[in-house]
>>> print(open('input29.cif').read())   # mmCIF, C-alpha atoms and all ligand atoms
data_work
#
loop_
_atom_site.label_atom_id
_atom_site.label_comp_id
_atom_site.auth_asym_id
_atom_site.auth_seq_id
_atom_site.Cartn_x
_atom_site.Cartn_y
_atom_site.Cartn_z
CA MET A 1081 40.81 7.46 14.96
CA GLY A 1082 40.72 7.49 11.16
CA VAL A 1083 37.54 7.20 9.08
CA PRO A 1084 35.98 4.64 8.80
CA THR A 1085 36.24 4.44 12.58
CA LEU A 1086 36.53 0.90 13.93
CA GLY A 1087 33.21 -0.57 15.01
CA CYS A 1088 31.15 2.22 13.43
CA THR A 1089 28.58 1.89 10.65
CA CYS A 1090 27.47 5.54 10.50
CA ARG A 1091 26.77 7.18 7.13
CA VAL A 1092 30.25 8.80 6.96
CA CYS A 1093 32.06 5.58 7.91
CA THR A 1094 30.14 3.75 5.15
CA SER A 1095 30.30 6.61 2.62
CA SER A 1096 31.58 5.71 -0.85
CA ASP A 1097 33.07 9.21 -1.30
CA PRO A 1098 36.89 8.76 -1.14
CA ARG A 1099 37.10 12.16 0.60
CA ASP A 1100 35.31 10.59 3.59
CA GLN A 1101 38.03 7.94 3.96
CA ARG A 1102 40.61 9.55 6.20
CA LEU A 1103 43.95 8.09 7.22
CA ARG A 1104 45.64 9.70 10.22
CA PRO A 1105 46.82 13.28 9.52
CA SER A 1106 50.28 14.29 8.35
CA VAL A 1107 51.85 16.24 5.50
CA ALA A 1108 54.86 15.98 3.22
CA VAL A 1109 56.53 19.23 2.12
CA GLU A 1110 58.37 18.74 -1.16
CA TRP A 1111 60.61 20.99 -3.26
CA HIS A 1112 63.27 20.78 -5.94
CA GLU A 1113 66.66 22.30 -5.32
CA VAL A 1114 68.24 23.63 -8.50
CA SER A 1115 71.37 21.66 -9.25
CA GLU A 1116 73.94 21.69 -12.05
CA ASP A 1117 74.07 17.89 -11.97
CA SER A 1118 70.43 17.26 -12.73
CA VAL A 1119 67.87 18.82 -15.07
CA ASP A 1120 64.98 18.34 -12.62
CA GLY A 1121 67.00 19.43 -9.59
CA VAL A 1122 67.35 17.48 -6.37
CA LEU A 1123 64.07 16.46 -4.73
CA HIS A 1124 63.79 17.27 -1.03
CA ARG A 1125 60.99 16.07 1.21
CA VAL A 1126 60.19 16.84 4.84
CA LEU A 1127 57.42 15.06 6.75
CA ILE A 1128 55.39 16.50 9.57
CA ASP A 1129 54.48 13.47 11.72
CA THR A 1130 54.58 9.76 10.92
CA GLY A 1131 51.29 8.31 12.16
CA PRO A 1132 50.21 4.66 12.22
CA ASP A 1133 49.21 4.92 8.53
CA PHE A 1134 52.57 6.31 7.39
CA ARG A 1135 53.67 3.20 5.47
CA GLN A 1136 50.37 3.00 3.58
CA GLN A 1137 50.47 6.75 2.81
CA ALA A 1138 54.07 6.55 1.61
CA LEU A 1139 53.22 3.66 -0.74
CA ARG A 1140 50.08 5.35 -2.03
CA PHE A 1141 51.58 8.80 -2.58
CA GLY A 1142 55.11 7.93 -3.69
CA VAL A 1143 57.15 8.92 -0.64
CA HIS A 1144 60.41 7.21 -1.63
CA SER A 1145 62.82 9.40 0.33
CA VAL A 1146 62.67 11.65 3.38
CA ASP A 1147 65.19 14.35 4.32
CA ALA A 1148 63.86 15.04 7.84
CA VAL A 1149 60.78 14.65 10.05
CA PHE A 1150 59.21 17.24 12.35
CA TYR A 1151 56.84 16.03 15.08
CA THR A 1152 53.84 18.00 16.35
CA HIS A 1153 53.34 15.94 19.54
CA ALA A 1154 53.63 12.37 20.78
CA HIS A 1155 50.07 11.04 20.58
CA ALA A 1156 49.76 7.66 18.85
CA ASP A 1157 48.03 9.01 15.74
CA HIS A 1158 51.12 11.18 15.00
CA ILE A 1159 54.11 9.01 15.94
CA LEU A 1160 53.41 5.29 15.57
CA GLY A 1161 54.78 5.11 12.01
CA LEU A 1162 58.26 6.20 13.13
CA ASP A 1163 59.61 2.67 12.80
CA ASP A 1164 58.57 2.58 9.13
CA LEU A 1165 61.21 5.25 8.49
CA ARG A 1166 63.76 2.39 8.78
CA PRO A 1167 64.16 1.54 5.07
CA LEU A 1168 64.24 5.24 4.14
CA SER A 1169 66.77 5.97 6.89
CA PHE A 1170 69.13 3.29 5.52
CA SER A 1171 69.43 5.19 2.23
CA HIS A 1172 69.49 8.71 3.73
CA ARG A 1173 72.17 10.96 2.27
CA GLU A 1174 73.52 11.67 5.74
CA ARG A 1175 74.54 8.99 8.21
CA LYS A 1176 71.38 9.52 10.25
CA MET A 1177 68.00 10.97 9.28
CA PRO A 1178 67.26 14.01 11.49
CA LEU A 1179 64.02 14.09 13.50
CA TYR A 1180 62.87 17.21 15.38
CA ALA A 1181 60.49 17.51 18.33
CA ASN A 1182 59.97 19.67 21.40
CA THR A 1183 61.41 18.34 24.67
CA GLN A 1184 58.21 16.75 25.94
CA THR A 1185 57.55 15.01 22.61
CA ALA A 1186 61.18 13.85 22.31
CA GLU A 1187 61.01 12.28 25.78
CA VAL A 1188 57.97 10.21 24.82
CA LEU A 1189 59.55 9.17 21.49
CA GLU A 1190 62.67 8.02 23.35
CA ARG A 1191 60.55 5.97 25.73
CA VAL A 1192 58.15 4.44 23.16
CA PHE A 1193 60.98 3.68 20.72
CA ALA A 1194 63.65 2.87 23.33
CA TYR A 1195 65.01 0.09 21.10
CA THR A 1196 65.83 2.82 18.55
CA PHE A 1197 66.99 5.71 20.72
CA SER A 1198 68.41 4.23 23.93
CA ALA A 1199 72.17 4.50 24.44
CA ASP A 1200 72.07 0.73 25.10
CA ALA A 1201 70.14 -0.07 21.90
CA THR A 1202 71.88 -2.88 20.08
CA TYR A 1203 69.32 -4.08 17.54
CA PRO A 1204 71.36 -4.00 14.33
CA THR A 1205 68.69 -2.81 11.88
CA ARG A 1206 67.09 -0.13 14.04
CA ALA A 1207 66.21 3.12 12.26
CA ARG A 1208 69.24 5.30 11.54
CA VAL A 1209 67.72 8.46 12.97
CA ALA A 1210 68.96 11.27 15.21
CA LEU A 1211 66.40 12.97 17.43
CA HIS A 1212 66.97 16.70 18.03
CA ARG A 1213 65.21 18.94 20.58
CA LEU A 1214 63.63 21.93 18.86
CA ASP A 1215 65.18 25.19 19.92
CA GLY A 1216 63.91 27.65 17.32
CA PRO A 1217 63.78 27.53 13.52
CA VAL A 1218 65.49 24.64 11.68
CA ASP A 1219 66.99 24.76 8.21
CA VAL A 1220 66.58 21.73 5.93
CA ALA A 1221 68.37 22.01 2.57
CA GLY A 1222 67.97 25.78 2.59
CA ILE A 1223 64.31 25.89 3.68
CA THR A 1224 63.41 27.16 7.16
CA PHE A 1225 60.85 25.39 9.35
CA THR A 1226 59.74 27.55 12.27
CA PRO A 1227 58.02 25.96 15.30
CA VAL A 1228 54.68 27.56 16.25
CA PRO A 1229 53.62 26.70 19.84
CA LEU A 1230 49.96 25.62 20.17
CA LEU A 1231 47.85 24.09 22.94
CA HIS A 1232 46.06 20.71 22.71
CA GLY A 1233 44.21 20.71 26.03
CA ARG A 1234 47.09 21.11 28.50
CA LEU A 1235 49.70 19.68 26.15
CA GLU A 1236 52.02 22.01 24.25
CA VAL A 1237 51.94 20.99 20.61
CA THR A 1238 54.18 22.28 17.82
CA GLY A 1239 52.76 23.69 14.60
CA TYR A 1240 55.15 24.63 11.79
CA ARG A 1241 55.58 27.62 9.50
CA PHE A 1242 57.47 27.11 6.22
CA GLY A 1243 57.63 29.78 3.51
CA ASN A 1244 54.15 31.23 2.97
CA ALA A 1245 52.42 28.25 4.61
CA ALA A 1246 51.71 26.85 8.08
CA TYR A 1247 50.53 23.46 9.37
CA LEU A 1248 48.68 23.74 12.69
CA THR A 1249 46.93 20.64 13.96
CA ASP A 1250 45.82 19.06 17.23
CA MET A 1251 44.98 22.26 19.05
CA ASN A 1252 42.14 23.96 20.84
CA LYS A 1253 44.05 27.16 21.58
CA LEU A 1254 46.16 29.37 19.37
CA PRO A 1255 48.25 31.41 21.83
CA ASP A 1256 48.44 35.17 21.11
CA ALA A 1257 52.24 34.90 21.31
CA SER A 1258 52.19 32.55 18.29
CA MET A 1259 50.23 34.93 16.05
CA PRO A 1260 53.28 36.96 14.91
CA LEU A 1261 54.85 33.72 13.62
CA LEU A 1262 51.90 33.41 11.24
CA LYS A 1263 52.15 36.92 9.83
CA GLY A 1264 51.82 36.96 6.05
CA VAL A 1265 50.88 33.28 5.57
CA ASP A 1266 48.94 32.61 2.38
CA VAL A 1267 48.16 28.93 2.98
CA VAL A 1268 47.26 27.46 6.37
CA VAL A 1269 46.19 23.97 7.42
CA LEU A 1270 44.11 23.93 10.61
CA ASP A 1271 42.71 21.34 13.02
CA ALA A 1272 38.89 21.15 12.70
CA LEU A 1273 37.65 17.94 14.28
CA ARG A 1274 33.87 18.23 14.06
CA PRO A 1275 30.99 20.67 14.68
CA GLN A 1276 30.44 19.50 18.29
CA PRO A 1277 32.68 20.67 21.20
CA HIS A 1278 35.75 18.61 22.11
CA PRO A 1279 38.11 19.08 25.09
CA THR A 1280 41.35 19.20 23.07
CA HIS A 1281 40.52 19.79 19.39
CA ALA A 1282 39.08 22.76 17.50
CA THR A 1283 35.47 22.60 16.40
CA ILE A 1284 34.55 23.72 12.88
CA PRO A 1285 33.24 27.11 14.16
CA GLU A 1286 36.42 27.68 16.24
CA ALA A 1287 38.60 26.81 13.27
CA ILE A 1288 36.63 29.23 11.06
CA ASP A 1289 37.24 31.94 13.67
CA TRP A 1290 41.02 31.26 13.71
CA ALA A 1291 41.12 31.10 9.91
CA GLN A 1292 39.57 34.55 9.78
CA ARG A 1293 41.96 35.92 12.42
CA ILE A 1294 44.99 34.51 10.61
CA GLY A 1295 43.61 35.83 7.32
CA ALA A 1296 45.36 33.46 4.90
CA ARG A 1297 44.21 33.44 1.29
CA GLU A 1298 43.63 29.67 1.55
CA THR A 1299 42.75 27.61 4.65
CA TRP A 1300 42.46 23.83 4.61
CA PHE A 1301 40.81 21.97 7.51
CA THR A 1302 42.28 18.65 8.60
CA HIS A 1303 41.86 15.95 11.30
CA MET A 1304 38.10 15.69 10.71
CA SER A 1305 36.27 12.85 12.46
CA HIS A 1306 33.33 10.78 11.23
CA GLU A 1307 30.95 13.56 12.33
CA VAL A 1308 31.94 15.43 9.14
CA MET A 1309 30.65 14.38 5.70
CA HIS A 1310 32.81 16.02 3.08
CA ALA A 1311 30.16 16.69 0.42
CA GLU A 1312 27.83 18.28 2.99
CA MET A 1313 30.29 20.35 5.04
CA ASP A 1314 32.67 21.62 2.37
CA PRO A 1315 30.09 23.83 0.54
CA GLN A 1316 28.95 25.37 3.86
CA LEU A 1317 32.37 26.79 4.72
CA PRO A 1318 33.14 30.48 4.14
CA ALA A 1319 35.05 31.52 1.00
CA GLY A 1320 38.72 30.57 1.12
CA ILE A 1321 38.18 27.71 3.60
CA ARG A 1322 37.97 24.11 2.42
CA LEU A 1323 38.12 20.60 3.85
CA ALA A 1324 41.35 18.77 3.02
CA TYR A 1325 41.32 15.11 2.02
CA ASP A 1326 43.86 12.31 1.70
CA GLY A 1327 46.22 12.90 -1.21
CA LEU A 1328 45.41 16.61 -1.57
CA ARG A 1329 48.31 18.59 -3.07
CA VAL A 1330 48.56 22.31 -2.40
CA PRO A 1331 51.20 24.55 -4.05
CA VAL A 1332 53.11 26.76 -1.58
CA GLU A 1333 56.07 29.13 -1.87
CA LEU A 1334 59.07 28.15 0.23
ZN ZN A 1401 31.20 6.50 11.98
ZN ZN A 1402 45.81 13.88 16.32
#
>>> encode(input="input29.cif", output="structure tokens", more="lines below")
Ligand SMILES: [Zn+2]
Ligand SMILES: [Zn+2]
Amino acid sequence: MGVPTLGCTCRVCTSSDPRDQRLRPSVAVEWHEVSEDSVDGVLHRVLIDTGPDFRQQALRFGVHSVDAVFYTHAHADHILGLDDLRPLSFSHRERKMPLYANTQTAEVLERVFAYTFSADATYPTRARVALHRLDGPVDVAGITFTPVPLLHGRLEVTGYRFGNAAYLTDMNKLPDASMPLLKGVDVVVLDALRPQPHPTHATIPEAIDWAQRIGARETWFTHMSHEVMHAEMDPQLPAGIRLAYDGLRVPVEL
């Protein structure tokens, strides 16, 4: 829902700590490809999800180009910014910006954004994007993104492994079959909604348990609701586990 949550005046929703002001969750993975033509190398950027706050996040954090987008699932808080990819898709180095999603997610995207994806779509300035069904790992400019199946209630959600890191959100079950895909991760981002039980999201204690099973050097919790006050919860977490916040940058090896 984002924090502040609409209609709420609780102490977290009215907190002046910027770490308690949470836009809808997503990440950008950025790297520089060494190139003979440029001293700094070529910047590549992959997004995981484009939620309703995508435009605001892109303006705030300098997302001026996007190579590709991976979707976790098709709930509103993860997809509704897709249309704001339009200006970035017009200047994409390929003819169409590639988007990746599992079959179920792709079907919802095609329905919600029919004016973009339908074979009959005629609107001239629709996003220049090509939606691909995930069928195993995907290579973007030399970096591999591996889908990690997760469960969000009864919905199959896709987490992603890239290099020594993994982004796993919107889940209340980490299937045993997905554990080998996480072998050797040093940095992991995990869903941790709140301390109280929830039918489709991890609680803080469940997320701590997964973090310890995965055994990454660094775990960052994300998707927290207004039941979590950053300054109170963060110091209570075990060593190596922290609460993420908007704008956080974490170095990873790709
Ligand atoms: Zn509140
Ligand atoms: Zn969500």
>>> closest_residue(input="input29.cif", among="A:Ala1156, A:Val1220, A:Leu1165, A:Leu1214", to="A:Thr1196", atoms="all atoms listed in the file")
A:Leu1165
>>> atom_distance(input="input29.cif", atom1="atom CA of A:Asn1252", atom2="atom CA of A:Pro1279")
7.6 Å
>>> closest_residue(input="input29.cif", among="A:Val1143, A:Ile1284, A:Leu1270, A:Met1309", to="ligand ZN 1401 (chain A)", atoms="all atoms listed in the file")
A:Met1309
>>> residues_around(input="input29.cif", residues="A:Ala1210", least_positions_apart="4", cutoff="9 Å", atoms="all atoms listed in the file", output="list in words")
Lys1176, Met1177, Pro1178, Leu1179, Tyr1180 and Phe1197 of chain A
>>> residues_near_ligand(input="input29.cif", ligand="ligand ZN 1401 (chain A)", cutoff="10 Å", atoms="all atoms listed in the file", output="ChimeraX atom specification")
/A:1082-1095,1305-1308
>>> residues_near_ligand(input="input29.cif", ligand="ligand ZN 1402 (chain A)", cutoff="10 Å", atoms="all atoms listed in the file", output="PyMOL selection string")
chain A and resi 1081-1082+1104-1106+1129+1131+1152-1159+1232+1249-1251+1271+1273+1280-1281+1302-1304
>>> closest_residue(input="input29.cif", among="A:Thr1283, A:Thr1226, A:Gln1101, A:His1212", to="A:Glu1190", atoms="only C-alpha atoms")
A:His1212
>>> atom_distance(input="input29.cif", atom1="atom CA of A:Gly1121", atom2="atom CA of A:Pro1217")
24.7 Å
>>> closest_residue(input="input29.cif", among="A:Ala1245, A:Leu1103, A:Ala1207, A:Leu1162", to="A:Leu1189", atoms="all atoms listed in the file")
A:Leu1162
>>> atom_distance(input="input29.cif", atom1="atom CA of A:Arg1329", atom2="atom CA of A:Val1107")
9.6 Å
>>> axis_aligned_box(input="input29.cif", around="stretch 1241-1250 of chain A", padding_each_side="6 Å", output="AutoDock Vina command-line options")
--center_x 51.7 --center_y 25.1 --center_z 10.1 --size_x 23.8 --size_y 24.2 --size_z 26.3
>>> closest_residue(input="input29.cif", among="A:Leu1123, A:Val1269, A:Val1218, A:Asp1289", to="A:Arg1322", atoms="all atoms listed in the file")
A:Val1269
>>> closest_residue(input="input29.cif", among="A:Asp1200, A:Thr1224, A:Asp1100, A:Ser1171", to="A:Leu1323", atoms="all atoms listed in the file")
A:Asp1100
>>> residues_near_point(input="input29.cif", point="(46.5, 36.8, 12.0)", cutoff="6 Å", atoms="only C-alpha atoms", output="list in words")
Met1259, Arg1293, Ile1294 and Gly1295 of chain A
>>> residues_around(input="input29.cif", residues="A:Val1114", least_positions_apart="6", cutoff="12 Å", atoms="all atoms listed in the file", output="list in words")
Asp1120, Gly1121, Val1122, Leu1123, His1124, Ala1221 and Gly1222 of chain A
>>> residues_near_point(input="input29.cif", point="(47.0, 35.1, 6.4)", cutoff="7 Å", atoms="all atoms listed in the file", output="list in words")
Lys1263, Gly1264, Val1265, Asp1266, Ile1294, Gly1295, Ala1296 and Arg1297 of chain A
>>> residues_around(input="input29.cif", residues="A:Val1228", least_positions_apart="2", cutoff="6 Å", atoms="only C-alpha atoms", output="PyMOL selection string")
chain A and resi 1238-1240+1258
